[in-house]
Amino acid sequence: MTDLAIYVDADACPVKDEVLRVADRHGLRVYLVSNQWLRLEVGPLVEKVVVSEGADEADNWIVDQVASGDLVITADIPLAKRTLDKKAIALGPTGRLFNEQNIGMAMAMRELNQHLRETGESKGYNASFTKRDRSNFLQEIERLIQLHKRR
């Protein structure tokens, strides 16, 4: 079994603390990747990676480093797609697991919503992050880690 690494698209991630707790419990390496320094207390298996300013710099760093079977935590649909292309696992902060069956629809919906915002048809409000989202995320990350350990 290869070691599972967790990469977090950390700038706007609402579940950083949860990732760190779960990873610590399982002794897993975590990379918190962001465009700015994060004020988080981290353990010895956690590396904070600060990339240069730029829309896709954190995404590019993650894609360059991630290996098949690793776990990427992101709400960014294009990054999730690139993660899947590398045969890694993409998990959203609400517990949504991206896969080959749903990534095409997610990309299409992202493009549609972007078009609606650009034409003024939509204000582009995002739903609030809820306790249920956090709970769903914790259940799914634990399930994925347990599945990896059984392999």
# chains A, B, ... in the order shown; residues from 1 in each chain; ligands from 1
call {"tool": "residues_around", "arguments": {"residues": "range 47-54 of chain A", "least_positions_apart": "3", "cutoff": "8 Å", "atoms": "only C-alpha atoms", "output": "list in words"}}
result
Arg29, Val30, Tyr31, Leu32, Val33, Ser34, Asn35, Gln36, Trp37, Leu38, Val42, Pro44, Glu57, Ala58 and Trp61 of chain A
call {"tool": "select_by_dssp", "arguments": {"residues": "chain A", "states": "alpha helix (DSSP H)", "output": "number ranges by chain"}}
result
A: 16-26, 57-65, 77-85, 103-118, 131-150
call {"tool": "closest_residue", "arguments": {"among": "A:Thr94, A:Asn60, A:Gln146, A:Thr74", "to": "Arg134 in chain A", "atoms": "only C-alpha atoms"}}
result
A:Thr94
call {"tool": "residues_around", "arguments": {"residues": "range 2-6 of chain A", "least_positions_apart": "2", "cutoff": "9 Å", "atoms": "only C-alpha atoms", "output": "JSON, numbers by chain"}}
result
{"A": [8, 19, 23, 28, 29, 30, 31, 32, 66, 67, 69, 70, 71, 72, 73, 145, 148, 149]}
call {"tool": "write_last_selection", "arguments": {"atoms": "N, CA and C atoms", "output": "PDB file, in the first residue's frame"}}
result
ATOM      1  N   VAL A   8      -4.870  19.974  -0.186  1.00  0.00           N
ATOM      2  CA  VAL A   8      -6.013  20.839   0.074  1.00  0.00           C
ATOM      3  C   VAL A   8      -5.843  22.144  -0.691  1.00  0.00           C
ATOM      4  N   VAL A  19      -9.859  18.388   7.940  1.00  0.00           N
ATOM      5  CA  VAL A  19      -8.852  17.599   7.211  1.00  0.00           C
ATOM      6  C   VAL A  19      -7.659  17.335   8.123  1.00  0.00           C
ATOM      7  N   ALA A  23      -6.538  13.616   9.217  1.00  0.00           N
ATOM      8  CA  ALA A  23      -5.214  13.189   8.748  1.00  0.00           C
ATOM      9  C   ALA A  23      -4.297  12.868   9.922  1.00  0.00           C
ATOM     10  N   LEU A  28      -1.519  10.703   8.224  1.00  0.00           N
ATOM     11  CA  LEU A  28      -1.373  10.987   6.797  1.00  0.00           C
ATOM     12  C   LEU A  28      -0.738  12.357   6.551  1.00  0.00           C
ATOM     13  N   ARG A  29       0.027  12.436   5.487  1.00  0.00           N
ATOM     14  CA  ARG A  29       0.659  13.691   5.078  1.00  0.00           C
ATOM     15  C   ARG A  29      -0.376  14.584   4.407  1.00  0.00           C
ATOM     16  N   VAL A  30      -0.328  15.883   4.747  1.00  0.00           N
ATOM     17  CA  VAL A  30      -1.252  16.871   4.181  1.00  0.00           C
ATOM     18  C   VAL A  30      -0.445  18.036   3.622  1.00  0.00           C
ATOM     19  N   TYR A  31      -0.863  18.507   2.459  1.00  0.00           N
ATOM     20  CA  TYR A  31      -0.299  19.705   1.843  1.00  0.00           C
ATOM     21  C   TYR A  31      -1.413  20.739   1.753  1.00  0.00           C
ATOM     22  N   LEU A  32      -1.253  21.842   2.485  1.00  0.00           N
ATOM     23  CA  LEU A  32      -2.200  22.952   2.426  1.00  0.00           C
ATOM     24  C   LEU A  32      -1.638  23.956   1.422  1.00  0.00           C
ATOM     25  N   VAL A  66       0.418  15.776  -7.256  1.00  0.00           N
ATOM     26  CA  VAL A  66      -0.490  14.691  -6.889  1.00  0.00           C
ATOM     27  C   VAL A  66      -0.165  13.419  -7.676  1.00  0.00           C
ATOM     28  N   ALA A  67      -0.307  12.299  -6.998  1.00  0.00           N
ATOM     29  CA  ALA A  67      -0.063  10.992  -7.613  1.00  0.00           C
ATOM     30  C   ALA A  67      -1.367  10.194  -7.642  1.00  0.00           C
ATOM     31  N   GLY A  69      -4.217   7.913  -6.846  1.00  0.00           N
ATOM     32  CA  GLY A  69      -4.709   7.434  -5.569  1.00  0.00           C
ATOM     33  C   GLY A  69      -4.682   8.455  -4.451  1.00  0.00           C
ATOM     34  N   ASP A  70      -3.966   9.575  -4.630  1.00  0.00           N
ATOM     35  CA  ASP A  70      -3.960  10.623  -3.614  1.00  0.00           C
ATOM     36  C   ASP A  70      -5.331  11.290  -3.568  1.00  0.00           C
ATOM     37  N   LEU A  71      -5.543  12.091  -2.537  1.00  0.00           N
ATOM     38  CA  LEU A  71      -6.820  12.753  -2.315  1.00  0.00           C
ATOM     39  C   LEU A  71      -6.649  14.264  -2.403  1.00  0.00           C
ATOM     40  N   VAL A  72      -7.488  14.905  -3.210  1.00  0.00           N
ATOM     41  CA  VAL A  72      -7.475  16.362  -3.347  1.00  0.00           C
ATOM     42  C   VAL A  72      -8.808  16.893  -2.834  1.00  0.00           C
ATOM     43  N   ILE A  73      -8.728  17.856  -1.921  1.00  0.00           N
ATOM     44  CA  ILE A  73      -9.916  18.498  -1.374  1.00  0.00           C
ATOM     45  C   ILE A  73     -10.071  19.840  -2.075  1.00  0.00           C
ATOM     46  N   ILE A 145     -10.548   7.181   3.275  1.00  0.00           N
ATOM     47  CA  ILE A 145      -9.309   6.761   3.949  1.00  0.00           C
ATOM     48  C   ILE A 145      -9.395   5.286   4.333  1.00  0.00           C
ATOM     49  N   HIS A 148      -8.917   3.197   1.275  1.00  0.00           N
ATOM     50  CA  HIS A 148      -7.485   3.177   0.893  1.00  0.00           C
ATOM     51  C   HIS A 148      -6.708   2.202   1.788  1.00  0.00           C
ATOM     52  N   LYS A 149      -6.989   2.204   3.065  1.00  0.00           N
ATOM     53  CA  LYS A 149      -6.275   1.320   3.992  1.00  0.00           C
ATOM     54  C   LYS A 149      -6.552  -0.157   3.704  1.00  0.00           C
TER      55      LYS A 149
END
call {"tool": "closest_residue", "arguments": {"among": "A:Ser68, A:Val63, A:Asn136, A:Ala127", "to": "Leu97 in chain A", "atoms": "only C-alpha atoms"}}
result
A:Asn136
call {"tool": "closest_residue", "arguments": {"among": "A:Ile103, A:Leu79, A:Ile62, A:Leu40", "to": "Leu20 in chain A", "atoms": "only C-alpha atoms"}}
result
A:Leu40
call {"tool": "closest_residue", "arguments": {"among": "A:Gly43, A:Pro93, A:Gln65, A:Leu84", "to": "Arg132 in chain A", "atoms": "only C-alpha atoms"}}
result
A:Pro93
